[in-house]
file coords_10.txt (compact mmCIF, C-alpha atoms)
# COMPACT_ATOMS: atom_id res chain seq x y z
CA MET A 1 -16.84 -52.60 58.55
CA SER A 2 -14.44 -54.50 60.82
CA THR A 3 -11.07 -53.17 61.87
CA LEU A 4 -9.27 -55.82 59.80
CA GLN A 5 -11.14 -54.84 56.64
CA GLN A 6 -10.36 -51.17 57.27
CA ARG A 7 -6.65 -51.97 57.54
CA ILE A 8 -6.75 -53.93 54.28
CA GLN A 9 -8.62 -51.11 52.54
CA HIS A 10 -6.10 -48.56 53.81
CA LEU A 11 -3.21 -50.70 52.56
CA GLN A 12 -4.84 -50.97 49.13
CA GLN A 13 -5.29 -47.21 48.93
CA THR A 14 -1.67 -46.64 49.99
CA VAL A 15 -0.07 -48.87 47.34
CA ALA A 16 -2.38 -47.40 44.64
CA ALA A 17 -4.34 -49.31 42.02
CA SER A 18 -1.55 -51.56 40.76
CA PHE A 19 -2.61 -54.64 38.85
CA ASP A 20 0.02 -56.86 40.49
CA VAL A 21 -1.16 -56.12 44.07
CA SER A 22 -3.20 -59.17 45.06
CA VAL A 23 -5.36 -59.63 48.13
CA ARG A 24 -6.72 -63.05 49.11
CA LYS A 25 -9.18 -63.71 51.91
CA ILE A 26 -9.32 -67.02 53.79
CA TYR A 27 -12.19 -67.76 56.17
CA ILE A 28 -11.44 -70.77 58.38
CA GLN A 29 -12.99 -71.80 61.69
CA ASN A 30 -14.78 -68.46 62.08
CA GLN A 31 -11.51 -66.59 61.62
CA GLU A 32 -10.65 -64.16 58.82
CA VAL A 33 -7.16 -64.25 57.34
CA TYR A 34 -6.00 -61.83 54.63
CA LEU A 35 -2.98 -62.37 52.40
CA MET A 36 -1.54 -59.40 50.51
CA PHE A 37 1.33 -59.82 48.04
CA LEU A 38 2.77 -58.74 44.70
CA SER A 39 2.13 -61.32 42.01
CA SER A 40 5.10 -59.99 40.00
CA LEU A 41 7.66 -60.70 42.75
CA SER A 42 6.15 -63.65 44.65
CA ASP A 43 6.67 -67.37 44.22
CA THR A 44 3.36 -69.16 43.63
CA LYS A 45 4.63 -72.39 45.23
CA LEU A 46 5.60 -70.60 48.44
CA LEU A 47 2.21 -68.88 48.51
CA SER A 48 0.40 -72.21 48.14
CA TYR A 49 2.49 -73.70 50.96
CA LEU A 50 1.65 -70.65 53.09
CA VAL A 51 -2.10 -71.07 52.53
CA GLU A 52 -1.82 -74.79 53.22
CA SER A 53 -0.05 -74.14 56.53
CA ILE A 54 -2.77 -71.71 57.62
CA VAL A 55 -5.55 -74.16 56.74
CA ILE A 56 -3.92 -77.14 58.46
CA SER A 57 -3.03 -75.28 61.66
CA THR A 58 -6.44 -73.62 62.11
CA SER A 59 -8.36 -76.80 61.23
CA ASN A 60 -6.54 -78.68 63.99
CA HIS A 61 -7.29 -75.92 66.52
CA ILE A 62 -3.63 -74.91 66.64
CA ASP A 63 -2.35 -71.37 66.65
CA VAL A 64 -1.80 -70.11 63.10
CA THR A 65 1.48 -71.47 61.79
CA PHE A 66 3.34 -70.28 58.70
CA TYR A 67 5.74 -72.36 56.66
CA PRO A 68 8.12 -72.85 54.90
CA GLY A 69 9.46 -69.29 54.63
CA ALA A 70 10.99 -67.05 57.28
CA VAL A 71 8.45 -65.04 59.28
CA GLU A 72 8.84 -61.61 60.87
CA THR A 73 6.41 -59.73 63.05
CA ILE A 74 6.11 -55.99 62.29
CA GLN A 75 4.09 -53.35 64.13
CA ASP A 76 4.86 -50.36 61.88
CA GLU A 77 2.56 -50.07 58.87
CA GLN A 78 5.09 -48.18 56.73
CA GLN A 79 7.69 -50.88 57.31
CA ALA A 80 5.10 -53.52 56.38
CA ILE A 81 4.35 -51.69 53.12
CA THR A 82 8.07 -51.60 52.30
CA SER A 83 8.25 -55.37 52.86
CA LEU A 84 5.21 -55.84 50.64
CA LEU A 85 6.76 -53.82 47.82
CA SER A 86 9.94 -55.87 48.21
CA GLY A 87 8.04 -59.03 47.25
CA GLN A 88 7.17 -60.45 50.68
CA CYS A 89 3.67 -61.52 51.68
CA LEU A 90 1.72 -59.70 54.39
CA VAL A 91 -0.58 -61.84 56.53
CA LEU A 92 -3.22 -60.04 58.61
CA LEU A 93 -5.20 -61.94 61.24
CA GLU A 94 -8.40 -61.02 63.00
CA ASN A 95 -7.99 -59.50 66.49
CA ARG A 96 -4.24 -59.01 65.92
CA GLU A 97 -2.74 -55.58 65.30
CA CYS A 98 0.62 -56.77 64.01
CA TYR A 99 1.63 -57.62 60.46
CA TYR A 100 3.17 -61.01 59.71
CA VAL A 101 5.76 -60.73 56.92
CA VAL A 102 6.41 -64.09 55.25
CA GLU A 103 9.32 -64.64 52.87
CA THR A 104 7.82 -65.48 49.45
CA ARG A 105 10.10 -63.50 47.14
CA GLN A 106 11.19 -64.75 43.76
CA TYR A 107 13.07 -62.04 41.89
CA PRO A 108 13.55 -62.27 38.12
CA ALA A 109 17.23 -63.11 37.57
CA ARG A 110 19.48 -64.13 34.71
CA SER A 111 21.98 -66.96 34.91
CA THR A 112 25.32 -66.41 36.65
CA ALA A 113 27.45 -66.20 33.51
CA GLU A 114 31.04 -65.01 33.40
CA PRO A 115 31.35 -61.20 33.32
CA GLU A 116 32.13 -59.80 29.88
CA VAL A 117 34.51 -57.17 31.26
CA GLU A 118 36.53 -59.43 33.61
CA ARG A 119 37.14 -62.61 31.67
CA SER A 120 39.66 -65.21 32.80
CA VAL A 121 41.14 -68.28 31.12
CA ARG A 122 41.38 -70.17 34.39
CA GLY A 123 39.32 -69.85 37.53
CA SER A 124 35.55 -69.87 37.99
CA HIS A 125 33.27 -68.71 35.20
CA ASP A 126 30.37 -67.38 37.22
CA GLY A 127 29.60 -63.77 38.02
CA PHE A 128 27.31 -61.54 40.01
CA VAL A 129 23.76 -60.88 38.81
CA GLU A 130 21.15 -58.26 39.63
CA ASN A 131 19.80 -60.25 42.60
CA ILE A 132 21.54 -59.33 45.84
CA LEU A 133 20.49 -62.62 47.51
CA LEU A 134 22.19 -64.66 44.79
CA ASN A 135 25.28 -62.45 45.01
CA VAL A 136 25.58 -63.03 48.76
CA GLY A 137 25.16 -66.74 48.11
CA LEU A 138 28.00 -66.74 45.57
CA ILE A 139 30.31 -65.22 48.19
CA ARG A 140 29.18 -67.57 50.97
CA ARG A 141 29.78 -70.52 48.66
CA ARG A 142 33.46 -69.59 48.69
CA ILE A 143 33.83 -68.47 52.32
CA ARG A 144 32.13 -70.91 54.69
CA ASP A 145 33.03 -69.11 57.86
CA PRO A 146 30.60 -67.99 60.57
CA LYS A 147 32.69 -64.83 60.97
CA LEU A 148 31.61 -63.65 57.51
CA LYS A 149 29.11 -60.90 58.31
CA VAL A 150 26.64 -59.44 55.83
CA VAL A 151 24.69 -56.40 57.08
CA LEU A 152 21.66 -55.17 55.12
CA TYR A 153 20.34 -51.62 54.75
CA LYS A 154 17.43 -50.17 52.80
CA GLU A 155 18.27 -46.85 51.16
CA GLY A 156 16.24 -44.35 49.15
CA LEU A 157 12.92 -42.66 49.85
CA LYS A 158 11.20 -44.16 46.80
CA THR A 159 13.43 -47.04 45.75
CA LYS A 160 14.12 -48.62 49.18
CA THR A 161 17.06 -50.39 47.56
CA ASP A 162 18.76 -53.18 49.47
CA VAL A 163 22.37 -52.26 50.24
CA ALA A 164 24.62 -54.76 52.03
CA TYR A 165 28.22 -54.65 53.17
CA ALA A 166 30.20 -57.83 53.85
CA TYR A 167 33.34 -58.37 55.90
CA ILE A 168 35.08 -61.08 57.90
CA GLU A 169 35.15 -60.42 61.61
CA LYS A 170 38.65 -60.09 63.16
CA LEU A 171 40.20 -59.91 59.67
CA VAL A 172 38.76 -56.59 58.53
CA ASP A 173 40.54 -53.35 59.33
CA PRO A 174 38.49 -51.83 62.19
CA ASP A 175 39.14 -48.25 61.02
CA ILE A 176 37.80 -48.99 57.54
CA LEU A 177 34.79 -50.85 58.89
CA GLN A 178 33.91 -48.08 61.34
CA ASP A 179 34.22 -45.44 58.64
CA ILE A 180 31.90 -47.32 56.26
CA GLN A 181 29.33 -47.92 59.00
CA GLN A 182 29.30 -44.23 59.92
CA ARG A 183 28.95 -43.17 56.29
CA LEU A 184 26.07 -45.60 55.71
CA GLN A 185 24.24 -44.37 58.79
CA GLN A 186 24.67 -40.73 57.69
CA LEU A 187 23.65 -41.18 54.05
CA PRO A 188 21.72 -38.23 52.61
CA GLU A 189 18.14 -38.73 51.47
CA ILE A 190 18.79 -39.61 47.83
CA GLU A 191 17.66 -42.48 45.63
CA ILE A 192 20.09 -45.39 45.22
CA LEU A 193 19.63 -47.00 41.79
CA ASN A 194 23.06 -48.55 41.31
CA GLU A 195 26.50 -48.78 42.88
CA ARG A 196 27.63 -45.44 41.39
CA TYR A 197 24.85 -43.56 43.20
CA LEU A 198 25.91 -45.25 46.43
CA VAL A 199 29.60 -44.38 46.03
CA GLU A 200 28.78 -40.73 45.28
CA ALA A 201 26.51 -40.62 48.33
CA LEU A 202 29.24 -42.10 50.54
CA TYR A 203 32.24 -40.11 49.31
CA GLY A 204 30.77 -37.18 47.41
CA LYS A 205 31.00 -36.17 43.78
CA THR A 206 34.40 -35.12 42.48
CA TRP A 207 35.93 -34.01 39.19
CA ASN A 208 38.85 -36.35 39.71
CA PRO A 209 38.44 -39.06 37.01
CA TYR A 210 40.28 -41.73 39.01
CA PRO A 211 37.98 -44.14 40.89
CA HIS A 212 38.18 -44.11 44.68
CA VAL A 213 36.85 -47.67 44.94
CA ARG A 214 37.20 -50.81 42.87
CA TYR A 215 34.28 -52.33 41.00
CA SER A 216 34.07 -56.03 40.21
CA GLU A 217 31.52 -58.55 38.95
CA ARG A 218 33.56 -61.58 40.02
CA PRO A 219 32.61 -63.31 43.32
CA ASP A 220 35.98 -65.09 43.48
CA LEU A 221 37.82 -61.76 43.35
CA CYS A 222 35.58 -60.35 46.10
CA ALA A 223 36.20 -63.46 48.21
CA ILE A 224 39.98 -62.99 47.88
CA HIS A 225 39.70 -59.38 49.02
CA LEU A 226 37.46 -60.31 51.94
CA LEU A 227 40.08 -62.78 53.13
CA GLN A 228 42.66 -60.00 52.87
CA GLY A 229 40.64 -57.75 55.19
CA TYR A 230 38.71 -55.63 52.69
CA VAL A 231 35.03 -54.67 52.79
CA VAL A 232 32.66 -55.50 49.92
CA LEU A 233 29.51 -53.46 49.21
CA LEU A 234 26.61 -55.04 47.32
CA VAL A 235 23.65 -53.15 45.84
CA ASP A 236 20.46 -54.82 44.67
CA ASN A 237 19.55 -54.53 40.96
CA THR A 238 23.20 -54.26 39.89
CA PRO A 239 25.84 -56.95 39.25
CA ASN A 240 28.76 -54.79 40.35
CA ALA A 241 30.28 -55.12 43.80
CA VAL A 242 32.32 -52.32 45.39
CA ILE A 243 35.63 -53.27 47.02
CA ILE A 244 36.93 -50.86 49.68
CA PRO A 245 39.65 -49.66 50.02
CA THR A 246 41.65 -49.68 46.79
CA THR A 247 44.80 -48.22 45.24
CA PHE A 248 46.10 -47.52 41.75
CA PHE A 249 48.19 -50.70 41.65
CA GLU A 250 45.39 -52.77 43.19
CA MET A 251 43.18 -51.94 40.20
CA THR A 252 45.86 -53.12 37.77
CA GLN A 253 45.65 -56.67 39.15
CA GLN A 254 43.72 -59.34 37.30
CA LEU A 255 42.29 -62.66 38.47
CA GLU A 256 44.66 -64.46 36.10
CA GLU A 257 47.51 -63.55 38.45
CA TYR A 258 45.98 -65.69 41.20
CA THR A 259 45.62 -68.77 38.96
CA GLN A 260 49.06 -68.94 37.31
CA THR A 261 52.51 -69.96 38.53
CA THR A 262 54.74 -67.34 40.14
CA LEU A 263 56.97 -66.76 37.10
CA VAL A 264 54.06 -66.54 34.64
CA ALA A 265 52.06 -64.29 36.97
CA CYS A 266 55.06 -61.97 37.47
CA PHE A 267 55.67 -61.85 33.71
CA THR A 268 52.05 -60.97 32.93
CA ARG A 269 52.05 -58.26 35.63
CA ILE A 270 55.18 -56.61 34.22
CA VAL A 271 53.90 -56.77 30.64
CA ARG A 272 50.57 -55.32 31.72
CA MET A 273 52.22 -52.47 33.64
CA ILE A 274 54.30 -51.61 30.57
CA GLY A 275 51.13 -51.56 28.48
CA ILE A 276 49.40 -49.26 31.00
CA LEU A 277 52.40 -46.89 30.95
CA PHE A 278 52.29 -46.91 27.15
CA SER A 279 48.60 -46.03 27.22
CA LEU A 280 49.44 -43.00 29.35
CA TYR A 281 52.73 -41.58 28.10
CA LEU A 282 53.71 -43.08 24.72
CA LEU A 283 51.59 -40.88 22.49
CA PRO A 284 52.28 -37.61 24.37
CA LEU A 285 56.03 -38.37 24.43
CA TRP A 286 56.06 -39.05 20.69
CA ILE A 287 54.13 -35.80 20.08
CA ALA A 288 56.73 -33.85 22.10
CA LEU A 289 59.61 -35.44 20.13
CA VAL A 290 57.96 -34.66 16.81
CA ILE A 291 57.22 -31.05 17.76
CA ASP A 292 60.85 -30.59 18.90
CA GLN A 293 62.11 -32.07 15.59
CA ASN A 294 63.91 -34.87 17.42
CA PRO A 295 64.73 -37.82 15.14
CA THR A 296 62.96 -41.09 15.87
CA MET A 297 63.11 -44.55 14.34
CA LEU A 298 59.83 -43.85 12.51
CA LYS A 299 59.92 -42.64 8.91
CA ILE A 300 58.28 -39.24 9.34
CA PRO A 301 59.42 -36.10 7.49
CA LEU A 302 60.26 -33.94 10.47
CA GLU A 303 60.90 -30.79 8.46
CA GLU A 304 57.34 -30.74 7.07
CA VAL A 305 55.48 -31.04 10.38
CA ASN A 306 52.69 -28.51 10.84
CA VAL A 307 51.59 -28.26 14.44
CA PHE A 308 47.92 -27.57 13.68
CA THR A 309 47.60 -30.27 11.02
CA PHE A 310 49.53 -32.74 13.16
CA GLY A 311 47.27 -32.12 16.17
CA VAL A 312 44.07 -32.40 14.11
CA GLN A 313 45.21 -35.71 12.61
CA ILE A 314 45.97 -37.16 16.04
CA MET A 315 42.62 -35.94 17.34
CA ILE A 316 40.75 -37.49 14.40
CA ALA A 317 42.50 -40.85 14.82
CA ASP A 318 41.91 -40.94 18.57
CA ILE A 319 38.24 -39.92 18.26
CA VAL A 320 37.61 -42.54 15.56
CA VAL A 321 39.08 -45.27 17.79
CA GLU A 322 36.94 -44.05 20.70
CA TRP A 323 33.84 -44.07 18.50
CA ILE A 324 34.54 -47.64 17.46
CA ARG A 325 35.07 -48.68 21.10
CA GLN A 326 31.80 -47.14 22.26
CA SER A 327 29.87 -48.50 19.27
CA LEU A 328 31.15 -52.04 19.93
CA VAL A 329 30.00 -51.74 23.55
CA HIS A 330 26.46 -50.64 22.62
CA THR A 331 26.01 -52.41 19.28
CA PRO A 332 23.87 -55.59 19.34
CA SER A 333 25.77 -58.80 18.69
CA LEU A 334 23.94 -59.28 15.38
CA LEU A 335 25.43 -56.02 14.06
CA SER A 336 28.92 -56.34 15.54
CA SER A 337 30.27 -57.92 12.34
CA ILE A 338 29.24 -54.82 10.40
CA MET A 339 31.31 -52.66 12.76
CA SER A 340 34.44 -54.65 11.86
CA PHE A 341 33.97 -53.74 8.19
CA ILE A 342 33.46 -50.07 9.10
CA ALA A 343 36.62 -50.13 11.25
CA VAL A 344 38.63 -51.44 8.28
CA PHE A 345 37.55 -48.47 6.16
CA VAL A 346 38.06 -45.70 8.74
CA LEU A 347 41.35 -47.09 10.11
CA GLY A 348 42.78 -48.63 6.93
CA ASP A 349 44.74 -47.51 3.90
CA LEU A 350 41.73 -45.64 2.51
CA ALA A 351 41.70 -43.09 5.35
CA ILE A 352 45.50 -42.79 5.23
CA GLY A 353 45.40 -42.21 1.46
CA LEU A 354 42.83 -39.46 1.87
CA GLY A 355 45.15 -37.70 4.34
CA ALA A 356 43.01 -38.08 7.47
CA TYR A 357 46.14 -39.20 9.35
CA THR A 358 49.49 -40.88 8.71
CA GLU A 359 50.71 -44.42 9.34
CA GLU A 360 52.82 -43.28 12.29
CA ILE A 361 49.86 -41.56 14.00
CA LEU A 362 47.69 -44.63 13.51
CA ILE A 363 50.38 -46.91 15.01
CA MET A 364 50.81 -44.72 18.08
CA VAL A 365 47.09 -44.34 18.68
CA ALA A 366 46.61 -48.10 18.28
CA LEU A 367 49.38 -48.90 20.78
CA CYS A 368 47.91 -46.52 23.35
CA ASN A 369 44.42 -48.00 22.98
CA ILE A 370 45.81 -51.53 23.29
CA GLY A 371 47.31 -50.41 26.59
CA ASN A 372 43.87 -49.16 27.63
CA LEU A 373 42.36 -52.55 26.84
CA LEU A 374 45.08 -54.21 28.92
CA THR A 375 43.94 -52.34 32.02
CA PRO A 376 41.75 -54.69 34.12
CA SER A 377 39.70 -51.88 35.66
CA TYR A 378 37.40 -50.25 33.12
CA GLU A 379 37.13 -47.06 35.19
CA LEU A 380 40.91 -46.82 35.52
CA SER A 381 41.40 -47.19 31.76
CA LEU A 382 38.98 -44.32 31.07
CA ALA A 383 40.74 -42.10 33.63
CA ASN A 384 44.11 -42.89 32.05
CA LYS A 385 42.72 -42.02 28.64
CA ILE A 386 41.53 -38.62 29.85
CA PHE A 387 44.96 -37.78 31.26
CA ARG A 388 46.65 -39.04 28.11
CA ILE A 389 44.61 -36.50 26.14
CA ILE A 390 45.53 -33.73 28.61
CA ILE A 391 49.25 -34.57 28.53
CA GLY A 392 49.14 -34.89 24.73
CA ALA A 393 47.51 -31.45 24.39
CA LEU A 394 50.20 -29.89 26.59
CA ALA A 395 52.92 -31.63 24.58
CA LEU A 396 51.37 -30.37 21.34
CA CYS A 397 51.32 -26.79 22.62
CA PHE A 398 54.64 -26.65 24.52
CA SER A 399 56.58 -29.66 23.16
CA THR A 400 58.90 -31.35 25.70
CA THR A 401 58.19 -28.75 28.39
CA GLY A 402 54.48 -29.37 28.06
CA PHE A 403 54.99 -33.13 28.27
CA CYS A 404 57.00 -32.81 31.48
CA LEU A 405 54.39 -30.43 32.90
CA GLY A 406 51.59 -32.86 32.04
CA VAL A 407 53.42 -35.77 33.69
CA LEU A 408 53.97 -33.63 36.79
CA ILE A 409 50.27 -32.68 36.94
CA HIS A 410 49.29 -36.32 36.52
CA PHE A 411 51.63 -37.38 39.32
CA ILE A 412 50.25 -34.67 41.63
CA VAL A 413 46.67 -35.79 40.92
CA LEU A 414 47.55 -39.42 41.71
CA VAL A 415 49.32 -38.49 44.93
CA SER A 416 46.50 -36.19 46.06
CA THR A 417 43.72 -38.69 45.27
CA LYS A 418 42.19 -39.66 48.61
CA THR A 419 41.07 -43.18 49.45
CA GLN A 420 40.36 -44.91 52.70
CA LYS A 421 43.35 -45.74 54.89
CA TYR A 422 45.97 -46.15 52.13
CA PRO A 423 47.56 -43.58 49.78
CA TYR A 424 46.54 -43.98 46.14
CA LEU A 425 50.05 -44.95 44.96
CA TYR A 426 50.71 -47.38 47.81
CA PRO A 427 52.92 -49.49 48.01
CA LEU A 428 55.12 -47.30 45.77
CA ILE A 429 54.49 -44.08 47.73
CA PRO A 430 55.11 -44.67 50.59
CA PHE A 431 57.29 -47.59 49.58
CA SER A 432 56.61 -50.98 51.14
CA TYR A 433 58.88 -53.83 50.11
CA LYS A 434 56.54 -56.48 51.51
CA GLU A 435 53.49 -55.21 49.66
CA MET A 436 55.46 -54.58 46.47
CA LYS A 437 56.72 -58.15 46.60
CA ARG A 438 53.19 -59.44 47.06
CA LEU A 439 51.99 -57.25 44.21
CA PHE A 440 54.50 -58.47 41.64
CA LEU A 441 55.44 -61.96 42.85
CA GLY A 442 52.12 -62.92 44.39
CA GLU A 443 51.52 -65.24 47.30
CA PRO A 444 48.75 -67.46 48.67
CA VAL A 445 46.06 -65.76 50.71
CA LYS A 446 47.16 -66.09 54.33
CA VAL A 447 44.76 -65.56 57.20
CA LYS A 448 46.21 -64.14 60.39
CA LYS A 449 45.15 -66.27 63.34
call {"tool": "encode", "arguments": {"input": "coords_10.txt", "output": "C-alpha cells"}}
result
Amino acid sequence: MSTLQQRIQHLQQTVAASFDVSVRKIYIQNQEVYLMFLSSLSDTKLLSYLVESIVISTSNHIDVTFYPGAVETIQDEQQAITSLLSGQCLVLLENRECYYVVETRQYPARSTAEPEVERSVRGSHDGFVENILLNVGLIRRRIRDPKLKVVLYKEGLKTKTDVAYAYIEKLVDPDILQDIQQRLQQLPEIEILNERYLVEALYGKTWNPYPHVRYSERPDLCAIHLLQGYVVLLVDNTPNAVIIPTTFFEMTQQLEEYTQTTLVACFTRIVRMIGILFSLYLLPLWIALVIDQNPTMLKIPLEEVNVFTFGVQIMIADIVVEWIRQSLVHTPSLLSSIMSFIAVFVLGDLAIGLGAYTEEILIMVALCNIGNLLTPSYELSLANKIFRIIIGALALCFSTTGFCLGVLIHFIVLVSTKTQKYPYLYPLIPFSYKEMKRLFLGEPVKVKK
C-alpha cells in the first residue's frame, strides 16, 4: 500500500464511519489525487470546479492548480482534520506530504430577516443569522473601511467553534482591545456552543443577574458601536453578537433613536426611561404604601388589607403574567391565538370575581410588565424583574423601610457591577455632561481623525 493510501485510510479511521464523509480518487497522467470532503457542508458546484481545475492543469503538463476557492497549505494532520470537519475539502497529492485545504463550504442558513426581539419601524430590516461568514458580510456591507479588522479563533475541544472579534483600527479603545485579546488567548478548555458560553468563559460565571455585555442581532446597531470604538464578538451557529463594553444606560437605547429627529428621539428616550423605572419600583412602592395604610388614588379598602392574602394575590398575578410571557415565546405561531383566549380568562373579570386578585393588583402588575416590554435589552428586562420581586418582597415584609432597603441594595448592586473600562451607571455615576447629552439628545456618529 502506498504512503498516500495509508494517509487516506488513517484519515478515514480518524473521522469515524460517517455517511457524509466522501472520498474521491482521480487518476490523471500517472498521478493519484484524492479529494476528501463532507457532503453535508460542501458546495457541489465548487467541488466540480475543483475537479475540473485539477484535470485541466495536469492534462496540460502544468503544476496542479486549484480554483476558484481559496487554498491553504497545511502540514499538521490534526489541523487538516479540523478544516475537513468545518466543511472544507482536503486535496492529497502523490509524493507530497502536505494537505491542500480548498474553500468549498456551503453552510445551511436561513434568510436574513429582521430580528423578532429588536424590531424597528425605520432602518434596515435584516438581521444576523447562524452563519458567521454572512454575519461578517453584513457588517462589512455597512463599514467599507480597510481598518475594519476581523480576527478569527477556533474554540472548543470537540466543537471547534469559529469565534471572531471585530474592531476598527485607531478607533477602538486600546485597553479594551488588549483585554479581550488576552482573555481569548487564555480561554479555558471548554466547549463553546453559543455566545453565552463564550461570555462565561471570558468573564466567569456570576450570580449577578445584570448582563456585563450587550447582545444584539442587528448588524446596523453593531456597525454604529464599531464606529464609536466598541468591539463586537461573533460566534458561529448563533445570530447574537456581543458588544463590549456596555453600561446600564447603553442597554436602554434602541435603534429607533438613531432614525428619528432629535425631539422625537429625546421624547421616546424619556418615556422609555420612565417605563423602565416603573417596571422596577412602581409595584414595590405601591405595596409599601398599602402595607403602611397610606391613602392612594386607587379605590382599595385599606382597613381590610391582610398582609398574607395581599402578598399571595400579587404573587399569583405576577406569576400568571410571567407564565403567559414564557408561553407566548415558546408557543408555535399556529397556537398563539389560543393563548390570547386563555389570557382573557386568567387575567379578566372571571379571575377577579373568584378572588384570585383585585383590580388594583392587576393594574399595577400590568404596568410593571409593560415597562419590562419597553426595555430594549431582553437580558436587562429579566434582571430588572428579578430585583422588582426582591424589592417587592422586602416592602411586603417591612413596608416603607423594606422598600427603601431594597432600593439601596439594588443601587449597590448596580454600582458594584463590573464591566470593562466604564462603570455600570456611567455617564450618571461618575457624571459626564457630554455623554449624558449624547445619550438623551443623540448626535451623528463622528469619527475622530
call {"tool": "atom_distance", "arguments": {"input": "coords_10.txt", "atom1": "atom CA of Phe248 of chain A", "atom2": "atom CA of Asp175 of chain A"}}
result
20.5 Å
call {"tool": "residues_around", "arguments": {"input": "coords_10.txt", "residues": "Asn369 of chain A", "least_positions_apart": "4", "cutoff": "8 Å", "atoms": "only C-alpha atoms", "output": "count of residues only"}}
result
4
call {"tool": "atom_distance", "arguments": {"input": "coords_10.txt", "atom1": "atom CA of Arg218 of chain A", "atom2": "atom CA of Leu234 of chain A"}}
result
12.0 Å
call {"tool": "closest_residue", "arguments": {"input": "coords_10.txt", "among": "A:Thr246, A:Gln5, A:Asn95, A:Ser48", "to": "Tyr210 of chain A", "atoms": "only C-alpha atoms"}}
result
A:Thr246
call {"tool": "closest_residue", "arguments": {"input": "coords_10.txt", "among": "A:Ser57, A:Thr238, A:Ser39, A:Thr206", "to": "Arg105 of chain A", "atoms": "all atoms listed in the file"}}
result
A:Ser39
call {"tool": "atom_distance", "arguments": {"input": "coords_10.txt", "atom1": "atom CA of Lys45 of chain A", "atom2": "atom CA of Gly87 of chain A"}}
result
13.9 Å
call {"tool": "residues_around", "arguments": {"input": "coords_10.txt", "residues": "Thr417 of chain A", "least_positions_apart": "5", "cutoff": "8 Å", "atoms": "all atoms listed in the file", "output": "list of chain:residue names"}}
result
A:Asn208, A:Tyr210, A:His212, A:Pro423, A:Tyr424
call {"tool": "closest_residue", "arguments": {"input": "coords_10.txt", "among": "A:Ser377, A:Gln186, A:Thr58, A:Gln228", "to": "Phe249 of chain A", "atoms": "all atoms listed in the file"}}
result
A:Ser377
call {"tool": "closest_residue", "arguments": {"input": "coords_10.txt", "among": "A:Gln31, A:Ala166, A:Arg269, A:Thr419", "to": "Lys437 of chain A", "atoms": "all atoms listed in the file"}}
result
A:Arg269
